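For reference, work-v5.txt is printed below; it contains compact mmCIF, C-alpha atoms.
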# COMPACT_ATOMS: atom_id res chain seq x y z
CA MET O 1 -5.77 -28.19 19.48
CA PRO O 2 -9.47 -28.56 18.68
CA LYS O 3 -10.96 -32.02 18.14
CA PHE O 4 -13.76 -32.27 15.61
CA ASP O 5 -14.33 -36.03 15.84
CA ILE O 6 -17.79 -36.68 17.25
CA HIS O 7 -16.69 -39.88 19.03
CA CYS O 8 -13.94 -38.00 20.89
CA ILE O 9 -16.43 -35.27 21.80
CA LEU O 10 -19.01 -37.71 23.18
CA ALA O 11 -16.29 -39.27 25.36
CA LEU O 12 -15.31 -35.96 27.00
CA GLY O 13 -15.75 -35.49 30.73
CA ARG O 14 -17.06 -32.29 32.28
CA ASN O 15 -13.61 -31.17 33.41
CA ASP O 16 -11.80 -32.07 30.19
CA GLU O 17 -10.62 -29.32 27.88
CA CYS O 18 -13.38 -28.35 25.45
CA TRP O 19 -13.13 -29.88 22.00
CA CYS O 20 -13.50 -26.51 20.23
CA GLY O 21 -10.00 -25.27 21.14
CA SER O 22 -11.10 -22.41 23.40
CA GLY O 23 -8.88 -23.62 26.24
CA LEU O 24 -11.86 -23.67 28.61
CA LYS O 25 -13.17 -26.71 30.41
CA PHE O 26 -15.94 -28.56 28.58
CA LYS O 27 -18.48 -27.71 31.29
CA ARG O 28 -17.76 -23.98 30.86
CA CYS O 29 -17.88 -24.00 27.08
CA HIS O 30 -19.75 -26.44 24.79
CA LEU O 31 -21.34 -28.84 27.28
CA ASP O 32 -25.12 -28.66 26.74
CA ARG O 33 -24.70 -25.77 24.30
CA GLU O 34 -27.59 -27.10 22.25
CA PHE O 35 -29.91 -26.09 25.12
CA GLU O 36 -28.61 -22.51 25.37
CA GLN O 37 -30.40 -19.46 23.99
CA PRO O 38 -29.20 -18.49 20.49
CA ILE O 39 -27.12 -15.34 20.32
CA SER O 40 -29.34 -12.26 20.39
CA LEU O 41 -29.51 -9.24 18.13
CA SER O 42 -28.59 -6.97 21.05
CA GLU O 43 -25.41 -9.00 21.69
CA ILE O 44 -24.39 -8.58 18.05
CA LEU O 45 -25.12 -4.84 18.16
CA VAL O 46 -23.06 -4.29 21.31
CA PHE O 47 -20.17 -6.32 19.89
CA GLU O 48 -20.16 -4.44 16.58
CA GLN O 49 -20.36 -1.08 18.33
CA ASN O 50 -17.24 -2.01 20.29
CA ILE O 51 -15.46 -3.19 17.13
CA SER O 52 -16.31 0.08 15.36
CA LYS O 53 -14.57 2.02 18.13
CA ARG O 54 -11.23 0.30 17.60
CA GLU O 55 -8.52 2.81 16.75
CA ALA O 56 -4.90 2.49 15.64
CA CYS O 57 -2.27 4.40 13.71
CA TYR O 58 -0.48 2.24 11.14
CA ALA O 59 2.22 4.80 10.34
CA PRO O 60 5.81 3.50 10.31
CA LYS O 61 6.96 2.53 13.81
CA ASN O 62 9.57 5.25 14.16
CA LEU O 63 6.85 7.89 13.64
CA LEU O 64 4.36 6.55 16.21
CA SER O 65 5.74 8.56 19.13
CA ASN O 66 4.48 11.66 17.33
CA CYS O 67 0.82 10.58 16.88
CA ASN O 68 -2.16 12.80 17.65
CA ASN O 69 -5.91 12.13 17.40
CA ILE O 70 -7.10 9.14 15.35
CA ILE O 71 -9.39 10.08 12.48
CA LYS O 72 -11.63 8.25 10.02
CA SER O 73 -9.30 7.87 7.05
CA HIS O 74 -10.68 7.26 3.57
CA THR O 75 -9.11 4.30 1.80
CA VAL O 76 -10.45 5.82 -1.40
CA SER O 77 -10.15 9.60 -1.44
CA LYS O 78 -13.44 11.45 -1.15
CA SER O 79 -12.20 14.28 -3.35
CA SER O 80 -10.43 12.12 -5.94
CA GLY O 81 -12.69 9.14 -6.38
CA LEU O 82 -15.89 8.95 -4.38
CA SER O 83 -17.18 12.40 -5.34
CA ASP O 84 -16.58 11.59 -9.02
CA ILE O 85 -18.90 8.58 -8.98
CA ALA O 86 -21.50 9.79 -6.45
CA ASP O 87 -25.09 10.55 -7.47
CA ASN O 88 -26.84 13.89 -6.92
CA SER O 89 -27.39 13.05 -3.25
CA ASN O 90 -23.66 12.32 -2.72
CA HIS O 91 -24.17 8.57 -2.33
CA VAL O 92 -22.37 5.61 -3.86
CA LEU O 93 -23.27 1.93 -3.93
CA GLY O 94 -21.34 -0.46 -1.71
CA LEU O 95 -21.53 -3.26 0.78
CA LYS O 96 -22.28 -2.38 4.40
CA GLN O 97 -19.97 -4.88 6.01
CA ASN O 98 -21.33 -5.95 9.38
CA LEU O 99 -23.05 -8.97 10.92
CA ILE O 100 -26.35 -7.16 11.41
CA ASN O 101 -26.58 -6.32 7.72
CA PHE O 102 -25.52 -9.84 6.76
CA GLN O 103 -28.33 -11.32 8.88
CA LYS O 104 -30.86 -8.75 7.63
CA ASN O 105 -30.09 -9.74 4.05
CA LYS O 106 -30.38 -13.44 4.96
CA ASP O 107 -26.66 -14.21 4.51
CA SER O 108 -26.61 -12.68 1.03
CA LEU O 109 -24.77 -9.62 -0.25
CA ARG O 110 -26.66 -6.56 -1.37
CA PHE O 111 -25.43 -3.23 -2.68
CA GLU O 112 -26.78 -0.32 -0.68
CA LYS O 113 -26.42 3.44 -0.89
CA ILE O 114 -23.67 4.85 1.33
CA GLY O 115 -22.88 8.54 1.81
CA ILE O 116 -19.42 9.53 0.56
CA ASN O 117 -18.48 10.81 4.02
CA LYS O 118 -18.85 7.26 5.38
CA ALA O 119 -17.79 5.14 2.41
CA SER O 120 -14.39 3.44 2.63
CA THR O 121 -13.45 4.92 6.02
CA PHE O 122 -11.42 3.23 8.75
CA LYS O 123 -9.80 4.44 11.99
CA GLY O 124 -6.29 3.53 10.91
CA PHE O 125 -4.28 6.76 11.08
CA CYS O 126 -3.93 9.79 13.27
CA ALA O 127 -4.57 13.18 11.68
CA ARG O 128 -0.87 14.10 11.62
CA HIS O 129 0.32 10.95 9.86
CA ASP O 130 -2.66 10.79 7.50
CA LYS O 131 -1.64 14.24 6.25
CA LEU O 132 2.09 13.47 6.25
CA LEU O 133 1.85 10.18 4.37
CA PHE O 134 -0.93 10.85 1.87
CA ALA O 135 -0.86 14.58 1.03
CA CYS O 136 1.25 13.72 -2.03
CA PHE O 137 -1.87 12.46 -3.84
CA GLU O 138 -4.72 13.81 -1.70
CA ASP O 139 -3.65 17.44 -2.18
CA LYS O 140 -2.01 17.19 -5.61
CA PRO O 141 -3.03 15.86 -9.03
CA PHE O 142 -1.96 12.26 -9.64
CA ILE O 143 0.90 12.18 -12.15
CA GLY O 144 2.19 8.67 -11.46
CA THR O 145 5.25 9.44 -9.35
CA LYS O 146 6.87 6.70 -7.29
CA GLU O 147 6.03 8.66 -4.12
CA GLN O 148 2.32 8.73 -5.03
CA CYS O 149 2.23 5.04 -5.96
CA MET O 150 4.01 4.10 -2.72
CA ALA O 151 1.57 6.12 -0.61
CA LEU O 152 -1.45 4.52 -2.31
CA THR O 153 0.06 1.10 -1.72
CA TYR O 154 0.79 1.83 1.93
CA ARG O 155 -2.76 2.94 2.68
CA SER O 156 -4.26 -0.15 1.03
CA VAL O 157 -2.05 -2.46 3.09
CA ALA O 158 -2.84 -0.58 6.31
CA LYS O 159 -6.58 -0.87 5.60
CA GLU O 160 -6.24 -4.61 4.94
CA ILE O 161 -4.37 -5.14 8.22
CA TYR O 162 -7.06 -3.18 10.05
CA ALA O 163 -9.78 -5.29 8.39
CA LYS O 164 -8.00 -8.58 9.19
CA GLU O 165 -7.57 -7.58 12.84
CA ASN O 166 -11.25 -6.63 13.05
CA ALA O 167 -12.19 -9.95 11.45
CA LEU O 168 -10.09 -11.81 14.04
CA GLU O 169 -11.93 -9.96 16.80
CA THR O 170 -15.26 -10.83 15.18
CA THR O 171 -14.47 -14.57 15.28
CA LYS O 172 -14.82 -14.33 19.08
CA LEU O 173 -18.50 -13.55 18.58
CA MET O 174 -18.94 -15.97 15.68
CA LYS O 175 -17.76 -18.85 17.89
CA ASN O 176 -20.86 -18.32 20.02
CA MET O 177 -23.23 -18.41 17.07
CA ASP O 178 -23.71 -22.16 17.51
CA ARG O 179 -25.62 -21.66 20.76
CA GLY O 180 -28.91 -23.54 20.64
CA ALA O 181 -27.76 -25.64 17.68
CA SER O 182 -27.30 -29.38 17.36
CA LEU O 183 -23.92 -30.94 18.09
CA ILE O 184 -23.36 -31.72 14.41
CA PHE O 185 -23.95 -28.07 13.51
CA GLN O 186 -21.63 -26.97 16.34
CA ILE O 187 -18.84 -29.17 14.98
CA ILE O 188 -19.29 -27.89 11.42
CA LYS O 189 -19.42 -24.27 12.61
CA GLN O 190 -16.37 -24.50 14.86
CA GLN O 191 -14.34 -26.40 12.27
CA ASP O 192 -15.08 -23.76 9.62
CA LEU O 193 -14.17 -21.01 12.06
CA TYR O 194 -10.94 -22.74 13.11
CA TYR O 195 -9.59 -22.78 9.55
CA TYR O 196 -11.01 -19.31 8.83
CA GLU O 197 -9.22 -17.90 11.89
CA LEU O 198 -6.01 -19.73 10.98
CA GLY O 199 -6.15 -18.16 7.52
CA LEU O 200 -6.75 -14.70 8.98
CA GLU O 201 -3.79 -15.04 11.34
CA THR O 202 -1.53 -16.21 8.52
CA SER O 203 -2.67 -13.32 6.29
CA ALA O 204 -2.22 -10.74 9.05
CA ASN O 205 1.33 -11.94 9.71
CA GLU O 206 2.18 -11.76 6.00
CA LEU O 207 0.64 -8.29 5.72
CA TYR O 208 2.76 -7.02 8.58
CA LYS O 209 5.84 -8.27 6.72
CA ILE O 210 4.69 -6.37 3.63
CA LYS O 211 4.09 -3.28 5.76
CA SER O 212 7.63 -3.54 7.18
CA SER O 213 9.09 -3.49 3.67
CA LEU O 214 6.84 -0.55 2.80
CA ASP O 215 7.89 1.30 5.98
CA ALA O 216 11.49 1.10 4.81
CA GLU O 217 10.77 2.20 1.24
CA LEU O 218 8.34 4.95 2.27
CA LEU O 219 10.94 6.54 4.53
CA ASP O 220 13.91 5.94 2.21
CA SER O 221 13.05 6.56 -1.44
CA SER O 222 16.42 5.12 -2.51
CA ASP O 223 15.07 1.62 -1.80
CA ASN O 224 13.50 0.02 -4.84
CA TYR O 225 11.63 -3.15 -3.85
CA TYR O 226 8.30 -2.48 -5.58
CA SER O 227 6.97 -2.46 -9.12
CA PHE O 228 4.04 -0.28 -10.22
CA LEU O 229 1.79 -0.37 -13.26
CA VAL O 230 -0.41 2.63 -13.99
CA ILE O 231 -3.38 2.43 -16.37
CA GLU O 232 -4.85 5.78 -17.33
CA TYR O 233 -8.32 6.50 -18.73
CA SER O 234 -9.57 9.78 -20.21
CA ASN O 235 -12.57 9.76 -17.85
CA PRO O 236 -13.08 8.53 -14.26
CA LEU O 237 -14.04 4.86 -14.09
CA PRO O 238 -17.57 4.15 -12.74
CA PHE O 239 -16.22 2.50 -9.59
CA VAL O 240 -13.41 3.01 -7.09
CA VAL O 241 -11.38 0.31 -5.34
CA SER O 242 -8.61 -0.02 -2.77
CA SER O 243 -7.58 -3.55 -1.87
CA ILE O 244 -5.01 -6.34 -1.82
CA THR O 245 -5.28 -9.95 -2.95
CA ASN O 246 -3.41 -13.18 -3.72
CA PRO O 247 -4.38 -13.93 -7.34
CA THR O 248 -4.76 -17.65 -7.89
CA HIS O 249 -5.14 -17.48 -11.68
CA ASP O 250 -4.06 -15.04 -14.37
CA PHE O 251 -6.15 -13.53 -17.17
CA LYS O 252 -5.56 -16.65 -19.29
CA ASP O 253 -6.90 -18.78 -16.43
CA GLU O 254 -3.52 -20.35 -15.78
CA HIS O 255 -3.02 -21.40 -12.15
CA LEU O 256 -0.57 -19.24 -10.17
CA GLN O 257 -0.72 -20.15 -6.46
CA ASP O 258 -2.80 -22.07 -3.93
CA ILE O 259 -4.24 -19.87 -1.14
CA ALA O 260 -5.48 -22.96 0.74
CA ASP O 261 -1.91 -24.09 1.36
CA LEU O 262 -1.02 -22.36 4.63
CA GLU O 263 2.56 -23.66 4.37
CA THR O 264 3.23 -21.64 1.24
CA ILE O 265 4.28 -17.97 1.34
CA LEU O 266 1.86 -16.26 -1.02
CA ASP O 267 2.56 -13.35 -3.36
CA TYR O 268 0.36 -10.27 -2.94
CA LEU O 269 -0.99 -7.75 -5.43
CA ILE O 270 -2.16 -4.33 -4.23
CA PHE O 271 -4.51 -2.32 -6.45
CA ASN O 272 -6.27 1.04 -6.43
CA VAL O 273 -8.86 2.57 -8.74
CA PHE O 274 -9.54 6.29 -8.36
CA ALA O 275 -9.94 9.59 -10.22
CA SER O 276 -7.79 12.69 -10.45
CA SER O 277 -8.10 15.86 -12.56
CA GLY O 278 -11.03 14.42 -14.50
CA LYS O 279 -9.23 11.21 -15.44
CA GLY O 280 -9.51 7.61 -14.21
CA PHE O 281 -6.55 5.65 -12.89
CA VAL O 282 -5.72 2.06 -11.99
CA VAL O 283 -2.51 1.45 -10.02
CA PHE O 284 -1.15 -2.05 -9.44
CA SER O 285 1.67 -2.52 -6.90
CA TRP O 286 3.74 -5.61 -6.09
CA LEU O 287 7.15 -6.73 -4.90
CA LYS O 288 9.58 -6.99 -7.81
CA LYS O 289 10.68 -10.45 -6.68
CA ALA O 290 7.08 -11.78 -6.70
CA GLU O 291 7.21 -14.01 -9.78
CA VAL O 292 3.56 -15.01 -9.44
CA ILE O 293 2.46 -11.38 -9.72
CA ASN O 294 4.85 -10.70 -12.60
CA LYS O 295 3.11 -13.51 -14.52
CA PHE O 296 -0.30 -12.09 -13.60
CA ILE O 297 0.64 -8.60 -14.82
CA ASN O 298 2.15 -9.96 -18.03
CA SER O 299 -1.11 -11.77 -18.80
CA LEU O 300 -2.98 -8.48 -18.32
CA LEU O 301 -0.62 -6.64 -20.66
CA GLU O 302 -1.36 -9.18 -23.40
CA ILE O 303 -5.02 -8.06 -23.49
CA ASP O 304 -6.04 -5.58 -26.20
CA LYS O 305 -6.50 -2.12 -24.65
CA LYS O 306 -10.03 -1.80 -26.02
CA ASP O 307 -11.05 -5.00 -24.16
CA MET O 308 -9.15 -4.38 -20.93
CA PHE O 309 -11.98 -2.60 -19.08
CA SER O 310 -14.22 -5.68 -19.18
CA TYR O 311 -11.41 -7.94 -17.93
CA LEU O 312 -10.69 -5.49 -15.09
CA VAL O 313 -14.37 -5.51 -14.08
CA ASN O 314 -14.08 -9.29 -13.70
CA PHE O 315 -10.94 -8.92 -11.61
CA PHE O 316 -11.89 -6.03 -9.33
CA PHE O 317 -15.34 -7.26 -8.38
CA SER O 318 -14.19 -10.84 -7.81
CA SER O 319 -11.19 -9.77 -5.71
CA ALA O 320 -12.22 -6.87 -3.46
CA GLU O 321 -14.90 -6.01 -0.92
CA ASN O 322 -13.70 -2.42 -0.58
CA THR O 323 -15.32 -1.43 -3.87
CA PHE O 324 -17.83 1.36 -4.49
CA ILE O 325 -19.98 1.84 -7.59
CA SER O 326 -21.54 4.83 -9.32
CA PRO O 327 -25.34 4.55 -8.82
CA ASP O 328 -25.87 6.32 -12.15
CA TRP O 329 -23.68 3.78 -13.99
CA TRP O 330 -25.36 0.89 -12.19
CA ASN O 331 -28.76 2.07 -13.41
CA THR O 332 -27.55 2.05 -17.02
CA LEU O 333 -26.47 -1.62 -16.84
CA SER O 334 -28.63 -4.41 -18.17
CA THR O 335 -30.07 -6.97 -15.77
CA GLU O 336 -27.52 -9.47 -17.09
CA GLN O 337 -24.64 -7.08 -16.36
CA GLN O 338 -25.92 -6.30 -12.86
CA GLN O 339 -26.30 -10.00 -12.08
CA LYS O 340 -22.76 -10.62 -13.35
CA ILE O 341 -21.32 -7.97 -11.02
CA GLU O 342 -23.34 -9.28 -8.07
CA ALA O 343 -22.04 -12.81 -8.74
CA LEU O 344 -18.46 -11.54 -8.98
CA PHE O 345 -18.86 -9.51 -5.80
CA LYS O 346 -20.16 -12.55 -3.96
CA ILE O 347 -16.98 -14.41 -4.88
CA GLY O 348 -14.79 -11.49 -3.80
CA SER O 349 -16.55 -11.07 -0.46
CA SER O 350 -16.68 -14.71 0.61
CA HIS O 351 -13.97 -17.01 1.95
CA THR O 352 -16.05 -20.08 1.07
CA GLU O 353 -17.42 -19.26 -2.39
CA GLU O 354 -16.02 -21.55 -5.08
CA ARG O 355 -14.08 -19.89 -7.88
CA PRO O 356 -15.64 -20.61 -11.29
CA LYS O 357 -13.44 -21.70 -14.18
CA ASN O 358 -12.27 -18.91 -16.51
CA LEU O 359 -13.35 -16.28 -13.95
CA LEU O 360 -11.14 -13.45 -15.19
CA SER O 361 -11.23 -14.38 -18.86
CA ASP O 362 -15.01 -14.91 -18.99
CA LYS O 363 -16.54 -12.95 -21.87
CA SER O 364 -20.12 -14.14 -21.57
CA THR O 365 -21.10 -10.68 -20.33
CA ILE O 366 -19.12 -7.72 -21.68
CA PHE O 367 -18.63 -4.25 -20.17
CA THR O 368 -17.69 -1.33 -22.42
CA GLY O 369 -17.45 2.45 -22.37
CA TRP O 370 -13.87 2.94 -21.22
CA GLU O 371 -10.74 2.46 -23.31
CA VAL O 372 -7.17 2.74 -22.02
CA GLU O 373 -5.57 6.08 -22.90
CA ASN O 374 -2.12 5.40 -21.44
CA LEU O 375 -0.33 2.55 -19.70
CA TYR O 376 3.10 2.72 -18.11
CA ARG O 377 5.36 1.31 -15.41
CA VAL O 378 6.74 3.47 -12.62
CA ILE O 379 10.38 2.96 -11.70
Can the structure in the file be given as structure tokens, please?
Amino acid sequence: MPKFDIHCILALGRNDECWCGSGLKFKRCHLDREFEQPISLSEILVFEQNISKREACYAPKNLLSNCNNIIKSHTVSKSSGLSDIADNSNHVLGLKQNLINFQKNKDSLRFEKIGINKASTFKGFCARHDKLLFACFEDKPFIGTKEQCMALTYRSVAKEIYAKENALETTKLMKNMDRGASLIFQIIKQQDLYYYELGLETSANELYKIKSSLDAELLDSSDNYYSFLVIEYSNPLPFVVSSITNPTHDFKDEHLQDIADLETILDYLIFNVFASSGKGFVVFSWLKKAEVINKFINSLLEIDKKDMFSYLVNFFFSSAENTFISPDWWNTLSTEQQQKIEALFKIGSSHTEERPKNLLSDKSTIFTGWEVENLYRVI
């Protein structure tokens, strides 16, 4: 166990176990770390290049013996989503999620143009299973079948597991980012990382449990563990999303669950925003027994359909990093609207950003232009 008390740290001997929890001796870890050279740009580049090469196939276990080559899978379909919101140069706006970019932007988030061939990709499926599992909506119009909703849900969960595992790998580098810093800074940095890593491990374990239930339902359509809500718009929405979250408040700002309590089993909500056959779709997925999510969905259904788009903007941008925006739509927004989305995105992309009161129900800045055409549950 790490020890973050400065008095205990100052009393450590060279051969004692390091206070940071690495398992190494103090002399081989944090002793005299304040005199070491700070981590270099080249070290970060090499580390991120290695992370980007990580490959896995997250197909159900009983299919894994039949894997072939790993491909870059799109979490949001290029043909039914990204191409609909891309500009004339086939680019969308999104967050380039890596440490180099984070440092370049001075620890702030900034939307940048990303080509649709690269946006939302991850090496999480082999070519055979990507086709087998997702052809039902990649190669066919979306009509809201249970099979299509299940496949969308499965891909979102697989992407989140992949991202969590990459984040856990990245903490190995982040733990060395206190080199050359004062002892006080080292303690603060390592303590933050300890709880961050603990949260990642807890989330990854819970996601694998969700994936296990999805494995069963994906391979046996007679199972019926999940609920789905489909919201249909007459035109593609100006952004696409594929993500999963633990909502802490509903659309009336009533508290639902505490994500800081690692002893509590949290309820998860999976959501996708995409286009198909010239229409826009939002699909929410959750376990039927998840009472927290049932309350969340019920609060959404109480909103007038003509106002729902603005509420969903608040939710999507404050809950998901894996979000891509139409550059053309972005350029039509007022400065106030752009600043609102940037503020929401900062909350959704940070594990330390404080959640403002009335986040989802905030109507100080309104977004219009899309009204719900149809809304239905899938059984």
I'd like the box whose edges run along x, y and z of the file and which contains every listed atom of segment 246-257 of chain O, padded by 4 Å per side; could you state its centre and edge lengths in Å, one decimal, as AutoDock Vina command-line options?
--center_x -3.7 --center_y -17.3 --center_z -11.5 --size_x 14.3 --size_y 16.2 --size_z 23.6
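For Asp253 of chain O, the list of residues within 12 Å, based on all atoms listed in the file and with local chain neighbours fewer than 2 positions off taken out, reads Pro247, Thr248, His249, Asp250, Phe251, His255, Leu256, Gln257, Lys295, Phe296, Ser299, Leu300, Tyr311, Phe315, Arg355, Pro356, Lys357, Asn358, Leu359, Leu360, Ser361 and Asp362 of chain O.
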For atom CA of Glu371 of chain O and atom CA of Val282 of chain O, the interatomic separation in Å (one decimal):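 Pair atom CA of Glu371 of chain O / atom CA of Val282 of chain O returns 12.4 Å.
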At a cut-off of 12 Å, using all atoms listed in the file, what residues contact Thr145 of chain O? Leave out same-chain residues fewer than 6 positions from it and give the result as a PyMOL selection string. chain O and resi 136-137+151-152+221+228-230+283+376-379
I need the residues from that last selection saved to file as a PDB file, in the frame of the given file (with C-alpha atoms), if you can.
ATOM      1  CA  CYS O 136       1.250  13.720  -2.030  1.00  0.00           C
ATOM      2  CA  PHE O 137      -1.870  12.460  -3.840  1.00  0.00           C
ATOM      3  CA  ALA O 151       1.570   6.120  -0.610  1.00  0.00           C
ATOM      4  CA  LEU O 152      -1.450   4.520  -2.310  1.00  0.00           C
ATOM      5  CA  SER O 221      13.050   6.560  -1.440  1.00  0.00           C
ATOM      6  CA  PHE O 228       4.040  -0.280 -10.220  1.00  0.00           C
ATOM      7  CA  LEU O 229       1.790  -0.370 -13.260  1.00  0.00           C
ATOM      8  CA  VAL O 230      -0.410   2.630 -13.990  1.00  0.00           C
ATOM      9  CA  VAL O 283      -2.510   1.450 -10.020  1.00  0.00           C
ATOM     10  CA  TYR O 376       3.100   2.720 -18.110  1.00  0.00           C
ATOM     11  CA  ARG O 377       5.360   1.310 -15.410  1.00  0.00           C
ATOM     12  CA  VAL O 378       6.740   3.470 -12.620  1.00  0.00           C
ATOM     13  CA  ILE O 379      10.380   2.960 -11.700  1.00  0.00           C
TER      14      ILE O 379
END
Tell me which of O:Ala119, O:Ala216, O:Cys18, O:Ile210 sits closest to Leu266 of chain O, counting all atoms listed in the file.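 Nearest candidate to Leu266 of chain O out of O:Ala119, O:Ala216, O:Cys18, O:Ile210: O:Ile210.
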Pick out the residues sitting within 9 Å of Arg28 of chain O, and hand them over as a ChimeraX atom specification; count only C-alpha atoms, and ignore anything fewer than 2 positions along from it in its own chain. /O:14-15,18,24-26,30-31
For Asp87 of chain O, find every residue with an atom within 10 Å (counting all atoms listed in the file), except residues of its own chain fewer than 4 positions away, and show them as a list in words.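 The residues that qualify are Leu82, Ser83, His91, Val92, Leu93, Lys113, Gly115, Ile116, Ser326, Pro327, Asp328 and Trp329 of chain O.
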Using C-alpha atoms, can you export the residues from the last selection as a PDB file, keeping the file's coordinate frame?
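Result file is part.pdb:
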ATOM      1  CA  LEU O  82     -15.890   8.950  -4.380  1.00  0.00           C
ATOM      2  CA  SER O  83     -17.180  12.400  -5.340  1.00  0.00           C
ATOM      3  CA  HIS O  91     -24.170   8.570  -2.330  1.00  0.00           C
ATOM      4  CA  VAL O  92     -22.370   5.610  -3.860  1.00  0.00           C
ATOM      5  CA  LEU O  93     -23.270   1.930  -3.930  1.00  0.00           C
ATOM      6  CA  LYS O 113     -26.420   3.440  -0.890  1.00  0.00           C
ATOM      7  CA  GLY O 115     -22.880   8.540   1.810  1.00  0.00           C
ATOM      8  CA  ILE O 116     -19.420   9.530   0.560  1.00  0.00           C
ATOM      9  CA  SER O 326     -21.540   4.830  -9.320  1.00  0.00           C
ATOM     10  CA  PRO O 327     -25.340   4.550  -8.820  1.00  0.00           C
ATOM     11  CA  ASP O 328     -25.870   6.320 -12.150  1.00  0.00           C
ATOM     12  CA  TRP O 329     -23.680   3.780 -13.990  1.00  0.00           C
TER      13      TRP O 329
END
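Distance-wise, atom CA of Asn235 of chain O and atom CA of Met308 of chain O end up 14.9 Å apart.
Using all atoms listed in the file for every distance, the candidate list O:Phe367, O:Lys96, O:Glu263, O:Leu269 yields O:Phe367 as the residue closest to Leu312 of chain O.
Closest approach to Ala204 of chain O among O:Leu168, O:Asp5, O:Leu333, O:Asp220 is made by O:Leu168 (distances from all atoms listed in the file).
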Can you tell me how far atom CA of Lys131 of chain O sits from atom CA of Thr153 of chain O, in Å to one decimal? 15.5 Å
Exercise: Lys279 of chain O partners within 8 Å, only C-alpha atoms, chain neighbours under 3 positions left out, as a ChimeraX atom specification: /O:232-236,275-276
Nearest residue to Gln148 of chain O from the set O:Asn272, O:Glu160, O:Met174, O:Asp32 (distances using all atoms listed in the file):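 Ranked by minimum distance to Gln148 of chain O, first place goes to O:Asn272.
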Residues around (-28.6, -17.6, 23.9), cut-off 9 Å, counting all atoms listed in the file - what are they as a count of residues only? 10
Shortest contact to Arg110 of chain O, candidates O:Leu95, O:Leu214, O:Ile259, O:Leu219, atoms counted only C-alpha atoms, goes to O:Leu95
Pick from O:Phe345, O:Phe324, O:Phe274, O:Trp330 nearest to Ser120 of chain O, counting only C-alpha atoms: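 Of O:Phe345, O:Phe324, O:Phe274, O:Trp330, the one nearest Ser120 of chain O, counting only C-alpha atoms, is O:Phe324.
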Around (1.0, -18.8, 4.6) in the file's own coordinates, what residues are found within 12 Å if you use all atoms listed in the file, given back as a VMD selection string? chain O and resid 198 to 207 209 246 257 to 268
